[in-house]
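Below: the structure, in structure tokens.
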Amino acid sequence: MAISLLDGSVNLRSGWNLNIKNDYQHCSGLSNLAFKTCLLTDASRFCTISRFGHGTTVRSVQTLFTRRTAADRHTRIACSQDSNCDTKFFDFIVVGSGVAGLRYALEVSKYGSVAIITKAEPQESNTNYAQGGVSAVLCPSDSVESHMQDTIIAGAYLCDEETVRVVCTEGPDRVKELIAIGASFDHGDDGKLHLAREGGHSHNRIVHAADMTGREIERALLKAVDDEPNIFLFGHHFAIDLLTSQDNGESYCHGVDTLNTETQQIVRFISKVTLLASGGAGHIYPSTTNPPVATGDGVAMAHRAQAVISNMEFVQFHPTALADEGLPIKPINRRDNAFLITEAVRGDGGILYNQSMQRFMPLYDERAELAPRDVVARSIDDQLKKRGEKYVLLDISHKPREQILSHFPNIAAECLRYGLDITCSSIPVVPAAHYMCGGIRAGLHGETNVKGLYVAGEVACTGLHGANRLASNSLLEALVFARRAVQPSIDHMAGSNLDTHSSTLWTRPMLPSSLKGHAIQEILFRTKATRVELQSIMWEFVGIVRSTSRLKTAEWKIGELEADWEDFLFRRGWNPTMVCLEACEMKNLFCCAKLVVNSALARHESRGLHFTEDFPFLEESKRKPTIIFPTSMKLTWSSQQVHKLIAGLPR
């Protein structure tokens, strides 16, 4: 049974969040979201069986970092790999190294020490894979009101208007700040920024760096972070769970437990403020444009830590991912993530055809190829099902060759690797999971109902996107909310104490080094198979077009699959406090999948990205966000072992 925090209000500083008990859709059946056991999760994607034998943890306290010199940097790296240095103290912790996390870290580092915890290499984030650009009103003929209108229409009128106004108004300044930091964007012959247009936009307002915008932003921000001595970057540290406490009905966040996946060491980070900027959950589906790190870790951790979750039914499927089946030369190995064909191709004049070279988008929407993503994805899905085909074709070859190669060099090069010249041939494309419009419910400054926990980027649900994200609004939202979260974070940090003794209040996770024989190998093999099966269930029953019966089937199948997987682990000696990366990711994927299914079952209408055959029309009475309150059922260890605040514990 779900419970309401603070008498039905999550007490956030935004009109969209206050008094939500009167203006939300409650998810029934939430007992299914509670885990059936106290299974703890976590291990290394790159781990070998022998590595599990090196996991001794020692409870020791390291002094608080203040400033970092070049010499300190080498000391810090050695210390993080030493079994005697498994607890670290910082003023701020950032989980995630995409645009939101890096931009926030650069600002708060002026006021204290910052740890950036990232799952793989620092550049491995959704930001790095973003092709299109950042939408912002930078042209005299454009206006904030026009950008707002485009956002609200694309969001199927579920957007929070105050949030939309804030983002569209502050967006231009955030782009200018990026340029000042060192990001280089394309300019036209007149020397001004070249502004592209994408689906759903009424004006050219997309700032871009060819078709590799995210990569350029990530490069500039990582360089700035590297130059800042007060920021410490911990790569290959997987965030296991948040460390929380409760006092008088309020939840507080004090940091996060992590696994160093290179040394197989548990590292505890204690902080005054934690920002989750860990991205989305694209890998609940078999085909996604997200990198392998996008397994919903942030949303799952926050759910276990009693944070309010919202709008998880709205999963955006990008209409045009490269369909490998249609390439002249097929890739030898299956991709970890689908290759994105940016929205800007259609914005630049690209036309969609079925395999009989019949243009079909005008049959579905008067905006044709420039319709919002949810419309285009459903239209392609309909064509594929009616015609029994595996992909459609996106053609830009009617444009001048030089223009194509100038605007889309990355796409042209990738296609040419497999024998396809996009300047004279059509591109085979198919929809793929791309972006979670739902997430951890946040106020206008990225605050959550858990004190000391802030969110920004795809992991957050701010109210900007509503039921469907407008193209290139994601990087914009990340920039705006990363900046808006700074001042309240500083205020919270200034009023908090950091007691070194508090680090021992939570039970530490442990590595499965005690498992005998082939148990670990069997667990990893079973987990990999379970992951594939979960993804198959989500695609078949919780895809672009849904129905109540299919959603209920998915709910049942996921529940059975999770129970079987957990039983398999425990029969091989798995302990509730054990962690390994593959198991942690699996548990987080199960959590996010169930959040999506339960949210979808709660919405009895079709709006934006959520289309159900049983309720095919919009209903004004249901134009409300879906809210998932924390459950009172038994959760995993970190939320189950919540400590009462005592004197000296940081607040």
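To be explicit about the labels: the chains of the structure tokens are called A, B, and onward in the order shown, and within each one the residues are counted from 1, while ligands get numbers from 1 in the order they are shown.
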Hey, could you make a per-residue contact list for range 337-440 of chain A against range 143-154 of chain A with 9 Å as the cut-off, showing the nearest pair of atoms and its distance in Å to one decimal, counting only C-alpha atoms, sorted by chain and number, as CSV?
```
residue,atom,partner,partner_atom,distance
A:Ala371,CA,A:Ala154,CA,8.7
A:Pro372,CA,A:Ala154,CA,5.9
A:Arg373,CA,A:Ala154,CA,8.3
A:Asp374,CA,A:Ala154,CA,8.5
```
Selection from above, C-alpha atoms, as an mmCIF file, in the first residue's frame, can you write it?
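So the final result, stored in part39.cif, reads:
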```
data_model
loop_
_atom_site.group_PDB
_atom_site.id
_atom_site.type_symbol
_atom_site.label_atom_id
_atom_site.label_comp_id
_atom_site.auth_asym_id
_atom_site.auth_seq_id
_atom_site.Cartn_x
_atom_site.Cartn_y
_atom_site.Cartn_z
ATOM 1 C CA ALA A 371 4.933 16.400 -35.831
ATOM 2 C CA PRO A 372 6.025 15.728 -32.226
ATOM 3 C CA ARG A 373 7.868 12.508 -31.500
ATOM 4 C CA ASP A 374 4.952 10.615 -29.976
#
```
* Asked: Neighbours of range 203-220 of chain A within 8 Å (only C-alpha atoms; same-chain residues fewer than 6 positions away dropped), as an MDAnalysis selection string?
  -> chainID A and resid 98:99 123 127:139 142 178 181:186 193:197 342 406:411 472
Would you save the residues from that selection as a PDB file, in the first residue's frame, using C-alpha atoms?
```
ATOM      1  CA  GLY A  98      26.182  14.254 -17.775  1.00  0.00           C
ATOM      2  CA  VAL A  99      25.362  17.897 -18.432  1.00  0.00           C
ATOM      3  CA  GLN A 123      31.990  10.867 -20.682  1.00  0.00           C
ATOM      4  CA  THR A 127      24.489  13.748 -22.798  1.00  0.00           C
ATOM      5  CA  ASN A 128      27.403  12.415 -24.803  1.00  0.00           C
ATOM      6  CA  TYR A 129      25.016  10.672 -27.207  1.00  0.00           C
ATOM      7  CA  ALA A 130      22.707  13.672 -27.731  1.00  0.00           C
ATOM      8  CA  GLN A 131      22.892  14.662 -31.380  1.00  0.00           C
ATOM      9  CA  GLY A 132      20.328  17.399 -31.985  1.00  0.00           C
ATOM     10  CA  GLY A 133      21.115  20.293 -29.672  1.00  0.00           C
ATOM     11  CA  VAL A 134      19.756  22.703 -27.083  1.00  0.00           C
ATOM     12  CA  SER A 135      16.526  24.600 -27.728  1.00  0.00           C
ATOM     13  CA  ALA A 136      16.545  28.249 -26.701  1.00  0.00           C
ATOM     14  CA  VAL A 137      15.019  31.529 -27.841  1.00  0.00           C
ATOM     15  CA  LEU A 138      18.003  33.273 -29.436  1.00  0.00           C
ATOM     16  CA  CYS A 139      16.448  34.740 -32.575  1.00  0.00           C
ATOM     17  CA  ASP A 142      11.238  33.905 -31.871  1.00  0.00           C
ATOM     18  CA  LEU A 178      27.925  27.079 -21.867  1.00  0.00           C
ATOM     19  CA  ILE A 181      32.695  27.784 -20.401  1.00  0.00           C
ATOM     20  CA  GLY A 182      34.101  26.725 -23.757  1.00  0.00           C
ATOM     21  CA  ALA A 183      31.415  24.879 -25.733  1.00  0.00           C
ATOM     22  CA  SER A 184      31.687  25.547 -29.461  1.00  0.00           C
ATOM     23  CA  PHE A 185      28.485  25.590 -31.535  1.00  0.00           C
ATOM     24  CA  ASP A 186      27.898  25.944 -35.270  1.00  0.00           C
ATOM     25  CA  LEU A 193      24.720  30.935 -34.141  1.00  0.00           C
ATOM     26  CA  HIS A 194      23.180  28.538 -36.657  1.00  0.00           C
ATOM     27  CA  LEU A 195      19.751  27.646 -35.311  1.00  0.00           C
ATOM     28  CA  ALA A 196      18.188  24.421 -36.565  1.00  0.00           C
ATOM     29  CA  ARG A 197      14.557  23.345 -36.415  1.00  0.00           C
ATOM     30  CA  THR A 342      18.589  12.903 -34.915  1.00  0.00           C
ATOM     31  CA  SER A 406      28.075  19.480 -43.109  1.00  0.00           C
ATOM     32  CA  HIS A 407      24.973  19.118 -40.946  1.00  0.00           C
ATOM     33  CA  PHE A 408      25.158  15.364 -40.252  1.00  0.00           C
ATOM     34  CA  PRO A 409      28.787  14.204 -40.451  1.00  0.00           C
ATOM     35  CA  ASN A 410      28.466  11.679 -37.619  1.00  0.00           C
ATOM     36  CA  ILE A 411      25.366  10.020 -39.094  1.00  0.00           C
ATOM     37  CA  SER A 472      15.996  19.321 -27.683  1.00  0.00           C
TER      38      SER A 472
END
```
* Structure fact -> A straight line from CA of Ser599 in chain A to CA of Phe314 in chain A spans 8.7 Å
* **Coordinates-based distance that separates CA of Lys451 in chain A from CA of Val293 in chain A (Å, one decimal)** =>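 For CA of Val293 in chain A relative to CA of Lys451 in chain A, the distance reads 26.5 Å.
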* **Counting only C-alpha atoms, the residue of A:His434, A:Lys399, A:Lys624, A:Arg387 that sits nearest Asn337 in chain A** =>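 Once distances to Asn337 in chain A are computed over only C-alpha atoms, the minimum belongs to A:His434.
From CA of Val167 in chain A back to CA of Ala471 in chain A, the distance works out to 14.1 Å.
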Enumerate, in order of chain and increasing residue number, the residues of range 516-614 of chain A with an atom no farther than 12 Å from range 158-164 of chain A, each with its shortest atom pair and distance in Å to one decimal, counting only C-alpha atoms, as a Markdown table.
```
| residue | atom | partner | partner_atom | distance |
| --- | --- | --- | --- | --- |
| A:Ser606 | CA | A:Leu158 | CA | 11.9 |
| A:Arg607 | CA | A:Leu158 | CA | 8.5 |
| A:Gly608 | CA | A:Leu158 | CA | 8.7 |
| A:Leu609 | CA | A:Leu158 | CA | 11.3 |
| A:His610 | CA | A:Leu158 | CA | 12.0 |
```
Write a file of the just-selected residues containing N, CA and C atoms, as a compact mmCIF listing (two decimals), in the first residue's frame.
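This is the output file out.txt:
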```
# COMPACT_ATOMS: atom_id res chain seq x y z
N SER A 606 -5.68 8.25 -23.22
CA SER A 606 -4.48 8.29 -24.06
C SER A 606 -4.01 9.73 -24.13
N ARG A 607 -2.80 9.94 -23.67
CA ARG A 607 -2.24 11.30 -23.65
C ARG A 607 -0.75 11.21 -23.94
N GLY A 608 -0.33 11.98 -24.94
CA GLY A 608 1.09 12.03 -25.26
C GLY A 608 1.67 10.67 -25.56
N LEU A 609 2.69 10.31 -24.83
CA LEU A 609 3.41 9.07 -25.08
C LEU A 609 2.67 7.83 -24.62
N HIS A 610 1.66 8.02 -23.79
CA HIS A 610 0.87 6.88 -23.30
C HIS A 610 -0.39 6.74 -24.15
```
* Asked: Of the candidates A:Arg531, A:Arg572, A:Arg508, A:Arg441, which shows the shortest atom-to-atom distance to Leu276 in chain A, using only C-alpha atoms?
  ->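 When distances to Leu276 in chain A are compared using only C-alpha atoms, the smallest one comes from A:Arg441.
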* Backbone DSSP call of alpha helix (DSSP H) for range 365-464 of chain A, listed as a ChimeraX atom specification -> /A:373-387,401-407,409-417
* Skip Pro122 in chain A itself and residues of its chain fewer than 4 positions away, then list as a VMD selection string all residues within 12 Å of it, counting only C-alpha atoms. => chain A and resid 95 to 99 101 to 102 116 to 118 126 to 128 215 218 to 219 221 to 223 225 to 226 232 to 237 278 293
Residues from the last selection, N, CA and C atoms, saved as an mmCIF file, in the first residue's frame:
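This went into part-v4.cif:
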```
data_model
loop_
_atom_site.group_PDB
_atom_site.id
_atom_site.type_symbol
_atom_site.label_atom_id
_atom_site.label_comp_id
_atom_site.auth_asym_id
_atom_site.auth_seq_id
_atom_site.Cartn_x
_atom_site.Cartn_y
_atom_site.Cartn_z
ATOM 1 N N VAL A 95 25.775 12.398 -8.297
ATOM 2 C CA VAL A 95 25.733 11.072 -8.906
ATOM 3 C C VAL A 95 25.377 11.245 -10.376
ATOM 4 N N GLY A 96 26.353 11.071 -11.245
ATOM 5 C CA GLY A 96 26.138 11.237 -12.675
ATOM 6 C C GLY A 96 27.056 12.293 -13.254
ATOM 7 N N SER A 97 27.562 12.045 -14.462
ATOM 8 C CA SER A 97 28.521 12.962 -15.075
ATOM 9 C C SER A 97 28.045 13.468 -16.428
ATOM 10 N N GLY A 98 26.722 13.625 -16.580
ATOM 11 C CA GLY A 98 26.182 14.254 -17.775
ATOM 12 C C GLY A 98 26.128 15.762 -17.589
ATOM 13 N N VAL A 99 25.397 16.438 -18.463
ATOM 14 C CA VAL A 99 25.362 17.897 -18.432
ATOM 15 C C VAL A 99 24.820 18.433 -17.112
ATOM 16 N N GLY A 101 24.802 17.019 -13.990
ATOM 17 C CA GLY A 101 25.719 16.808 -12.882
ATOM 18 C C GLY A 101 26.966 17.667 -12.972
ATOM 19 N N LEU A 102 27.538 17.777 -14.160
ATOM 20 C CA LEU A 102 28.767 18.558 -14.323
ATOM 21 C C LEU A 102 28.515 20.050 -14.141
ATOM 22 N N ILE A 116 32.081 13.856 -7.700
ATOM 23 C CA ILE A 116 31.245 13.396 -8.813
ATOM 24 C C ILE A 116 31.441 11.892 -8.930
ATOM 25 N N ILE A 117 30.363 11.159 -8.745
ATOM 26 C CA ILE A 117 30.386 9.697 -8.790
ATOM 27 C C ILE A 117 29.759 9.265 -10.103
ATOM 28 N N THR A 118 30.509 8.547 -10.904
ATOM 29 C CA THR A 118 29.994 8.153 -12.212
ATOM 30 C C THR A 118 30.241 6.668 -12.450
ATOM 31 N N ASN A 126 24.134 9.915 -21.185
ATOM 32 C CA ASN A 126 23.180 10.217 -22.248
ATOM 33 C C ASN A 126 23.536 11.520 -22.951
ATOM 34 N N THR A 127 24.087 12.472 -22.199
ATOM 35 C CA THR A 127 24.489 13.748 -22.798
ATOM 36 C C THR A 127 25.430 13.518 -23.966
ATOM 37 N N ASN A 128 26.385 12.640 -23.785
ATOM 38 C CA ASN A 128 27.403 12.415 -24.803
ATOM 39 C C ASN A 128 26.818 11.881 -26.104
ATOM 40 N N ARG A 215 28.227 15.606 -27.355
ATOM 41 C CA ARG A 215 29.651 15.299 -27.208
ATOM 42 C C ARG A 215 30.459 16.570 -26.971
ATOM 43 N N GLU A 218 29.684 17.886 -23.413
ATOM 44 C CA GLU A 218 30.353 17.027 -22.432
ATOM 45 C C GLU A 218 31.852 17.328 -22.402
ATOM 46 N N ARG A 219 32.452 17.520 -23.575
ATOM 47 C CA ARG A 219 33.885 17.832 -23.641
ATOM 48 C C ARG A 219 34.202 19.121 -22.891
ATOM 49 N N LEU A 221 32.453 20.743 -20.582
ATOM 50 C CA LEU A 221 32.182 20.680 -19.148
ATOM 51 C C LEU A 221 33.215 19.821 -18.418
ATOM 52 N N LEU A 222 33.618 18.702 -19.010
ATOM 53 C CA LEU A 222 34.623 17.853 -18.365
ATOM 54 C C LEU A 222 35.969 18.574 -18.249
ATOM 55 N N LYS A 223 36.304 19.370 -19.260
ATOM 56 C CA LYS A 223 37.539 20.142 -19.185
ATOM 57 C C LYS A 223 37.462 21.163 -18.049
ATOM 58 N N VAL A 225 35.603 20.955 -15.389
ATOM 59 C CA VAL A 225 35.639 20.202 -14.129
ATOM 60 C C VAL A 225 37.066 19.800 -13.790
ATOM 61 N N ASP A 226 37.809 19.363 -14.786
ATOM 62 C CA ASP A 226 39.186 18.936 -14.552
ATOM 63 C C ASP A 226 40.063 20.091 -14.076
ATOM 64 N N PHE A 232 36.280 16.407 -7.218
ATOM 65 C CA PHE A 232 36.946 15.105 -7.263
ATOM 66 C C PHE A 232 36.051 14.147 -8.047
ATOM 67 N N LEU A 233 36.586 13.569 -9.108
ATOM 68 C CA LEU A 233 35.789 12.720 -9.988
ATOM 69 C C LEU A 233 36.131 11.253 -9.733
ATOM 70 N N PHE A 234 35.116 10.468 -9.389
ATOM 71 C CA PHE A 234 35.296 9.047 -9.094
ATOM 72 C C PHE A 234 34.646 8.222 -10.207
ATOM 73 N N GLY A 235 35.431 7.839 -11.202
ATOM 74 C CA GLY A 235 34.934 7.013 -12.283
ATOM 75 C C GLY A 235 34.818 5.555 -11.865
ATOM 76 N N HIS A 236 33.958 4.819 -12.561
ATOM 77 C CA HIS A 236 33.751 3.389 -12.299
ATOM 78 C C HIS A 236 33.318 3.137 -10.853
ATOM 79 N N HIS A 237 32.508 4.030 -10.325
ATOM 80 C CA HIS A 237 31.891 3.858 -9.006
ATOM 81 C C HIS A 237 30.379 3.746 -9.210
ATOM 82 N N SER A 278 21.572 11.030 -12.645
ATOM 83 C CA SER A 278 22.050 9.732 -13.131
ATOM 84 C C SER A 278 21.390 9.258 -14.413
ATOM 85 N N VAL A 293 24.860 2.386 -19.449
ATOM 86 C CA VAL A 293 24.751 2.804 -18.042
ATOM 87 C C VAL A 293 23.328 3.200 -17.649
#
```
